[in-house]
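Q: Sharing protein-v6.cif here; it has mmCIF, C-alpha atoms.
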data_coords
loop_
_atom_site.label_atom_id
_atom_site.label_comp_id
_atom_site.auth_asym_id
_atom_site.auth_seq_id
_atom_site.Cartn_x
_atom_site.Cartn_y
_atom_site.Cartn_z
CA MET D 1 -10.08 -32.62 15.18
CA ALA D 2 -7.16 -30.51 13.98
CA THR D 3 -3.61 -31.76 14.18
CA PRO D 4 -0.44 -29.72 14.81
CA SER D 5 0.47 -30.36 11.18
CA LEU D 6 -2.63 -28.47 10.00
CA LEU D 7 -1.66 -25.50 12.15
CA LEU D 8 1.83 -25.52 10.62
CA LEU D 9 0.42 -25.93 7.11
CA LEU D 10 -1.79 -22.85 7.33
CA ALA D 11 0.96 -20.78 8.99
CA ASP D 12 3.49 -21.76 6.32
CA GLY D 13 4.44 -18.95 3.96
CA ARG D 14 4.50 -21.52 1.15
CA PHE D 15 0.74 -22.09 1.44
CA PRO D 16 -0.57 -21.17 -2.05
CA ALA D 17 -2.29 -17.91 -1.15
CA GLY D 18 0.13 -15.43 -2.71
CA ALA D 19 1.55 -13.98 0.51
CA HIS D 20 5.10 -14.28 -0.82
CA ALA D 21 4.34 -11.54 -3.36
CA HIS D 22 3.67 -8.91 -0.67
CA SER D 23 6.03 -7.03 1.64
CA GLY D 24 3.37 -5.67 4.01
CA GLY D 25 4.37 -2.11 3.21
CA LEU D 26 8.07 -2.69 3.83
CA GLU D 27 9.16 -1.95 0.26
CA ALA D 28 7.74 1.57 0.43
CA ALA D 29 9.15 2.09 3.93
CA VAL D 30 12.61 1.07 2.72
CA ALA D 31 12.36 3.43 -0.25
CA ALA D 32 11.37 6.26 2.10
CA GLY D 33 14.43 5.57 4.28
CA ARG D 34 12.35 4.60 7.29
CA VAL D 35 13.67 1.03 7.41
CA SER D 36 17.34 0.52 6.66
CA ASP D 37 18.78 -2.04 9.07
CA LEU D 38 17.93 -4.70 11.63
CA ALA D 39 16.99 -2.20 14.32
CA THR D 40 14.53 -0.31 12.16
CA LEU D 41 13.15 -3.55 10.74
CA GLU D 42 12.44 -4.72 14.28
CA GLN D 43 10.58 -1.48 14.99
CA PHE D 44 8.60 -1.87 11.78
CA LEU D 45 7.64 -5.44 12.67
CA ALA D 46 6.59 -4.50 16.20
CA GLY D 47 4.47 -1.65 14.88
CA ARG D 48 2.86 -3.84 12.25
CA LEU D 49 2.02 -6.50 14.84
CA ALA D 50 0.37 -3.91 17.11
CA THR D 51 -1.76 -2.51 14.29
CA ALA D 52 -2.44 -4.69 11.24
CA GLY D 53 -1.57 -7.80 13.23
CA LEU D 54 -4.06 -7.13 16.01
CA VAL D 55 -6.86 -6.03 13.68
CA GLY D 56 -6.37 -8.89 11.22
CA ALA D 57 -6.15 -11.48 14.00
CA ALA D 58 -9.30 -10.17 15.69
CA PHE D 59 -11.31 -10.27 12.49
CA ALA D 60 -10.01 -13.73 11.61
CA ALA D 61 -10.99 -14.96 15.07
CA ALA D 62 -14.42 -13.32 14.73
CA ALA D 63 -14.97 -15.00 11.35
CA HIS D 64 -13.96 -18.31 12.96
CA ARG D 65 -16.55 -17.68 15.67
CA ALA D 66 -19.17 -16.95 13.03
CA ALA D 67 -18.31 -20.17 11.22
CA VAL D 68 -19.04 -22.28 14.26
CA LEU D 69 -22.25 -20.52 15.31
CA ALA D 70 -24.94 -23.03 16.18
CA ASP D 71 -27.52 -21.12 14.12
CA SER D 72 -26.07 -21.10 10.60
CA ALA D 73 -28.78 -18.65 9.50
CA LEU D 74 -27.00 -15.93 11.50
CA ARG D 75 -23.64 -16.53 9.85
CA PRO D 76 -23.99 -14.68 6.51
CA GLY D 77 -25.22 -11.51 8.21
CA THR D 78 -22.39 -11.61 10.74
CA LEU D 79 -19.77 -12.10 8.04
CA ALA D 80 -21.21 -9.20 6.03
CA ARG D 81 -20.94 -6.95 9.09
CA LEU D 82 -17.39 -8.09 9.68
CA ASP D 83 -16.49 -7.37 6.06
CA ALA D 84 -17.96 -3.87 6.25
CA GLU D 85 -16.23 -3.12 9.56
CA LEU D 86 -12.85 -4.32 8.29
CA ASP D 87 -13.32 -2.23 5.17
CA ALA D 88 -13.92 0.81 7.38
CA ARG D 89 -10.72 0.08 9.31
CA THR D 90 -8.64 -0.12 6.12
CA ALA D 91 -8.28 3.52 5.14
CA ALA D 92 -6.07 3.13 2.07
CA PRO D 93 -7.88 1.93 -1.09
CA ALA D 94 -4.67 0.15 -2.10
CA LEU D 95 -4.68 -1.88 1.11
CA ARG D 96 -8.37 -2.72 0.76
CA ALA D 97 -7.65 -4.04 -2.72
CA VAL D 98 -4.66 -6.06 -1.47
CA SER D 99 -6.69 -7.62 1.36
CA ARG D 100 -9.45 -8.69 -1.02
CA ARG D 101 -6.95 -9.95 -3.60
CA GLN D 102 -5.26 -12.09 -0.96
CA GLY D 103 -8.68 -13.22 0.22
CA ARG D 104 -9.51 -14.47 -3.28
CA ALA D 105 -6.24 -16.38 -3.48
CA LEU D 106 -6.76 -17.93 -0.04
CA LEU D 107 -10.36 -18.79 -0.90
CA ARG D 108 -9.25 -20.63 -4.03
CA ALA D 109 -6.88 -22.76 -1.96
CA GLY D 110 -9.49 -23.30 0.75
CA ARG D 111 -12.15 -24.49 -1.68
CA ALA D 112 -9.74 -26.99 -3.18
CA ILE D 113 -8.73 -28.40 0.22
CA TRP D 114 -12.01 -28.11 2.20
CA PRO D 115 -14.85 -28.02 -0.36
CA ALA D 116 -17.49 -28.52 2.33
CA ALA D 117 -16.48 -25.41 4.29
CA PRO D 118 -19.07 -22.59 4.61
CA PHE D 119 -17.38 -20.33 2.07
CA ALA D 120 -20.73 -19.67 0.37
CA ASP D 121 -21.66 -17.55 3.42
CA LEU D 122 -19.01 -14.96 2.57
CA PRO D 123 -20.54 -11.64 1.48
CA ALA D 124 -20.70 -11.11 -2.28
CA THR D 125 -18.69 -7.88 -2.23
CA PRO D 126 -16.88 -6.50 -5.29
CA GLY D 127 -13.36 -7.89 -5.30
CA GLY D 128 -14.17 -10.69 -2.87
CA ALA D 129 -14.00 -10.98 0.92
CA HIS D 130 -11.15 -9.65 3.02
CA GLN D 131 -8.30 -12.08 3.69
CA PRO D 132 -8.78 -12.33 7.50
CA LEU D 133 -12.40 -13.41 7.06
CA VAL D 134 -11.47 -16.14 4.59
CA LEU D 135 -8.69 -17.23 6.94
CA GLY D 136 -11.16 -17.51 9.81
CA LEU D 137 -13.47 -19.78 7.81
CA LEU D 138 -10.52 -21.81 6.55
CA CYS D 139 -9.20 -22.41 10.06
CA ALA D 140 -12.66 -23.38 11.30
CA ALA D 141 -12.93 -25.88 8.44
CA ALA D 142 -9.54 -27.30 9.44
CA GLY D 143 -10.76 -27.77 13.01
CA LEU D 144 -8.40 -25.22 14.51
CA SER D 145 -9.35 -23.23 17.59
CA ARG D 146 -10.07 -19.52 17.72
CA VAL D 147 -6.73 -18.82 19.42
CA GLU D 148 -4.88 -20.87 16.82
CA THR D 149 -6.67 -18.89 14.10
CA ALA D 150 -5.63 -15.59 15.65
CA THR D 151 -2.07 -16.87 16.05
CA ILE D 152 -1.82 -17.74 12.36
CA ALA D 153 -3.15 -14.31 11.41
CA ALA D 154 -0.79 -12.42 13.71
CA TYR D 155 2.17 -14.58 12.72
CA GLY D 156 1.45 -13.99 9.04
CA THR D 157 1.78 -10.23 9.45
CA LEU D 158 5.38 -10.73 10.60
CA THR D 159 6.96 -13.51 8.59
CA GLY D 160 6.27 -12.22 5.09
CA VAL D 161 7.63 -8.81 6.01
CA ALA D 162 10.71 -10.34 7.60
CA SER D 163 11.41 -12.37 4.47
CA ALA D 164 10.95 -9.26 2.35
CA GLY D 165 13.47 -7.48 4.58
CA VAL D 166 16.13 -10.02 3.68
CA ARG D 167 15.49 -9.50 -0.02
CA LEU D 168 15.14 -5.72 0.04
CA LEU D 169 17.99 -4.87 2.41
CA GLY D 170 20.32 -7.83 2.02
CA LEU D 171 20.11 -8.53 5.75
CA ASP D 172 21.57 -11.60 7.41
CA PRO D 173 18.66 -14.10 7.37
CA TYR D 174 19.83 -15.67 10.64
CA ARG D 175 19.65 -12.35 12.46
CA VAL D 176 16.25 -11.63 10.91
CA GLN D 177 15.00 -14.95 12.24
CA ALA D 178 16.37 -13.97 15.63
CA LEU D 179 14.19 -10.86 15.45
CA LEU D 180 11.14 -13.05 14.89
CA VAL D 181 12.07 -15.21 17.88
CA GLY D 182 12.30 -12.06 19.97
CA LEU D 183 8.79 -11.06 18.88
CA ALA D 184 7.27 -14.50 19.57
CA ASP D 185 5.85 -13.59 22.99
CA SER D 186 4.34 -10.37 21.61
CA CYS D 187 2.81 -12.34 18.75
CA ASP D 188 1.25 -14.82 21.17
CA GLN D 189 -0.10 -12.00 23.35
CA THR D 190 -1.55 -10.22 20.32
CA ALA D 191 -3.27 -13.44 19.26
CA ALA D 192 -4.70 -13.97 22.75
CA ASP D 193 -6.02 -10.40 22.86
CA ALA D 194 -7.53 -10.78 19.40
CA ALA D 195 -9.22 -14.08 20.28
CA ARG D 196 -10.85 -12.51 23.35
CA ALA D 197 -11.98 -9.49 21.35
CA ALA D 198 -13.78 -11.75 18.87
CA ASP D 199 -16.66 -12.10 21.34
CA ASP D 200 -17.48 -8.42 20.86
CA PRO D 201 -19.87 -7.15 18.15
CA PRO D 202 -18.12 -6.40 14.83
CA GLU D 203 -18.41 -2.66 15.48
CA ARG D 204 -16.34 -2.98 18.67
CA LEU D 205 -13.46 -5.03 17.30
CA PRO D 206 -9.95 -3.48 17.44
CA ALA D 207 -9.35 -0.53 15.13
CA ALA D 208 -5.62 0.13 15.58
CA ALA D 209 -4.40 2.29 12.71
CA ALA D 210 -1.09 3.13 11.03
CA PRO D 211 -1.68 6.28 8.93
CA LEU D 212 1.88 6.36 7.58
CA ALA D 213 1.49 2.80 6.32
CA ASP D 214 -1.68 3.89 4.51
CA ILE D 215 0.18 6.75 2.85
CA HIS D 216 3.07 4.47 1.85
CA ALA D 217 0.62 1.95 0.39
CA GLU D 218 -0.97 4.57 -1.85
CA ILE D 219 2.43 5.80 -3.04
CA HIS D 220 3.67 2.25 -3.63
CA ALA D 221 0.62 1.48 -5.79
CA THR D 222 1.71 4.20 -8.25
CA TRP D 223 5.18 2.76 -8.88
CA GLU D 224 5.75 1.39 -12.36
CA VAL D 225 8.59 -0.88 -11.17
CA ARG D 226 8.47 -2.68 -7.84
CA LEU D 227 9.61 -5.98 -6.39
CA PHE D 228 6.45 -6.66 -4.37
CA ALA D 229 2.75 -6.19 -5.04
CA SER D 230 2.34 -4.24 -1.79
#
Would it be possible to restate this file's structure as structure tokens?

A:
Amino acid sequence: MATPSLLLLLADGRFPAGAHAHSGGLEAAVAAGRVSDLATLEQFLAGRLATAGLVGAAFAAAAHRAAVLADSALRPGTLARLDAELDARTAAPALRAVSRRQGRALLRAGRAIWPAAPFADLPATPGGAHQPLVLGLLCAAAGLSRVETATIAAYGTLTGVASAGVRLLGLDPYRVQALLVGLADSCDQTAADAARAADDPPERLPAAAAPLADIHAEIHATWEVRLFAS
């Protein structure tokens, strides 16, 4: 049985999975002049939650569902389909690489903490599995529910970006935290929607896209000097 402390642990930005090194596309958006203050940061966060947040949370919840399937023989095939579908929804090669890199980091932490978890069922794809799939298995191993899994995924798409906003723009951290409080209900609703969607086949999971974020990610990957990895 999971405890509230486990939920907080996995949602903590200090969990050793490398999230602190990524801005979620904010660094490129700041450089392009699209995010420059609290108001535009709030818009960026809301847009990210509605796109990457919803998709990532749905796939994390679906991986959680696969992890608790009664027939474990079905699990590897389901996870492989989820990995392929998430790959198809991640248009930018740079973002696909980031997702798999973060998945490897999260997997390393998960294997150290929950060695008996079904991580061996992850598809043997080049670069490793996508981060939301690893997160889903990790949360299942911790005994968290599907909704809690989706909440952690959706929450994670906001907090790292918000922290990056403080560093990139020199914003007042108290006011940035107030932005996150204002988005809390939207985050919970996104998580609930994602958890319900996880019952659908992988091909029918949410596919919300942000083409400009894909373009920014590809441009950002070419920079020789940058503060964040993405």

Q: Every residue with an atom at most 12 Å from (-22.3, -13.2, 6.4) (file coordinates; all atoms listed in the file) is what I'm after, so could you write them as a PyMOL selection string?

A: chain D and resi 62-67+69+72-84+118-125+129+133-134+137+202

Q: Work out how far atom CA of Glu203 of chain D is from atom CA of Leu86 of chain D, in Å to one decimal.

A: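 About the pair atom CA of Leu86 of chain D and atom CA of Glu203 of chain D: they are 9.2 Å apart.
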
Q: So which residues touch Val176 of chain D within 8 Å, counting all atoms listed in the file, skipping near sequence neighbours fewer than 3 positions away, as a list in words?

A: Leu38, Ala162, Val166, Leu171, Asp172, Pro173, Leu179 and Leu180 of chain D

Q: Can those selected residues be exported to a file as a PDB file, in the frame of the given file so that it contains C-alpha atoms?

A:
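out-v2.pdb written:
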ATOM      1  CA  LEU D  38      17.930  -4.700  11.630  1.00  0.00           C
ATOM      2  CA  ALA D 162      10.710 -10.340   7.600  1.00  0.00           C
ATOM      3  CA  VAL D 166      16.130 -10.020   3.680  1.00  0.00           C
ATOM      4  CA  LEU D 171      20.110  -8.530   5.750  1.00  0.00           C
ATOM      5  CA  ASP D 172      21.570 -11.600   7.410  1.00  0.00           C
ATOM      6  CA  PRO D 173      18.660 -14.100   7.370  1.00  0.00           C
ATOM      7  CA  LEU D 179      14.190 -10.860  15.450  1.00  0.00           C
ATOM      8  CA  LEU D 180      11.140 -13.050  14.890  1.00  0.00           C
TER       9      LEU D 180
END

Q: Apply the PyMOL selection byres ((chain D and resi 15-31) around 6) to the structure shown and report the selected residues as a PyMOL selection string.

A: chain D and resi 12-14+32-35+105-106+161+164+216+220+228-230

Q: Run the PyMOL selection byres ((chain D and resi 50) around 9) against the file shown and list the residues it catches, as number ranges by chain.

A: D: 45-49, 51-55, 186-187, 190, 208-209

Q: Nearest to Ala92 of chain D among D:Leu212, D:Leu169, D:Ala112, D:Ala194, with distances taken over all atoms listed in the file: which residue is it?

A: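 Of D:Leu212, D:Leu169, D:Ala112, D:Ala194, the one nearest Ala92 of chain D is D:Leu212, counting all atoms listed in the file.
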
Q: Looking at all atoms listed in the file, which of D:Leu6, D:Ala11, D:Leu41, D:Ala207 is the one that sits closest to Gly156 of chain D?

A: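 Result for the nearest residue to Gly156 of chain D: D:Ala11.
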
Q: Have a look at D:Leu227, D:Leu138, D:Leu168, D:Ala117 and name the one nearest to Ile152 of chain D; count all atoms listed in the file.

A: D:Leu138

Q: Go ahead and compute the interatomic distance for atom CA of Ala198 of chain D and atom CA of Arg100 of chain D, in Å to one decimal.

A: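 These atoms are spaced 20.6 Å apart.
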
Q: With all atoms listed in the file as the atoms that count, which of D:Thr157, D:Ser145, D:Thr222, D:Thr151 lies nearest to Asp188 of chain D?

A: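 Closest residue, counting all atoms listed in the file: D:Thr151.
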
Q: So how far away is atom CA of Ala142 of chain D from atom CA of Asp87 of chain D, in Å?

A: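 That distance, rounded to one decimal, is 25.7 Å.
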
Q: Hey, which of D:Leu205, D:Ala197, D:Ile215, D:Val225 ends up closest to Arg89 of chain D? Count only C-alpha atoms.

A: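 Smallest distance to Arg89 of chain D is found for D:Leu205.
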
Q: Carefully work through the PyMOL selection byres ((chain D and resi 101) around 8) for this structure and note down the residues it includes, as number ranges by chain.

A: D: 97-100, 102-105, 127-128, 130-131

Q: Go ahead and save the picked residues with C-alpha atoms, as a PDB file, in the coordinates of the input.

A:
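The new file result13.pdb reads:
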ATOM      1  CA  ALA D  97      -7.650  -4.040  -2.720  1.00  0.00           C
ATOM      2  CA  VAL D  98      -4.660  -6.060  -1.470  1.00  0.00           C
ATOM      3  CA  SER D  99      -6.690  -7.620   1.360  1.00  0.00           C
ATOM      4  CA  ARG D 100      -9.450  -8.690  -1.020  1.00  0.00           C
ATOM      5  CA  GLN D 102      -5.260 -12.090  -0.960  1.00  0.00           C
ATOM      6  CA  GLY D 103      -8.680 -13.220   0.220  1.00  0.00           C
ATOM      7  CA  ARG D 104      -9.510 -14.470  -3.280  1.00  0.00           C
ATOM      8  CA  ALA D 105      -6.240 -16.380  -3.480  1.00  0.00           C
ATOM      9  CA  GLY D 127     -13.360  -7.890  -5.300  1.00  0.00           C
ATOM     10  CA  GLY D 128     -14.170 -10.690  -2.870  1.00  0.00           C
ATOM     11  CA  HIS D 130     -11.150  -9.650   3.020  1.00  0.00           C
ATOM     12  CA  GLN D 131      -8.300 -12.080   3.690  1.00  0.00           C
TER      13      GLN D 131
END

Q: With distances taken over all atoms listed in the file, which of D:Ala195, D:Leu144, D:Arg175, D:Ala57 is nearest to Leu9 of chain D?

A: D:Leu144
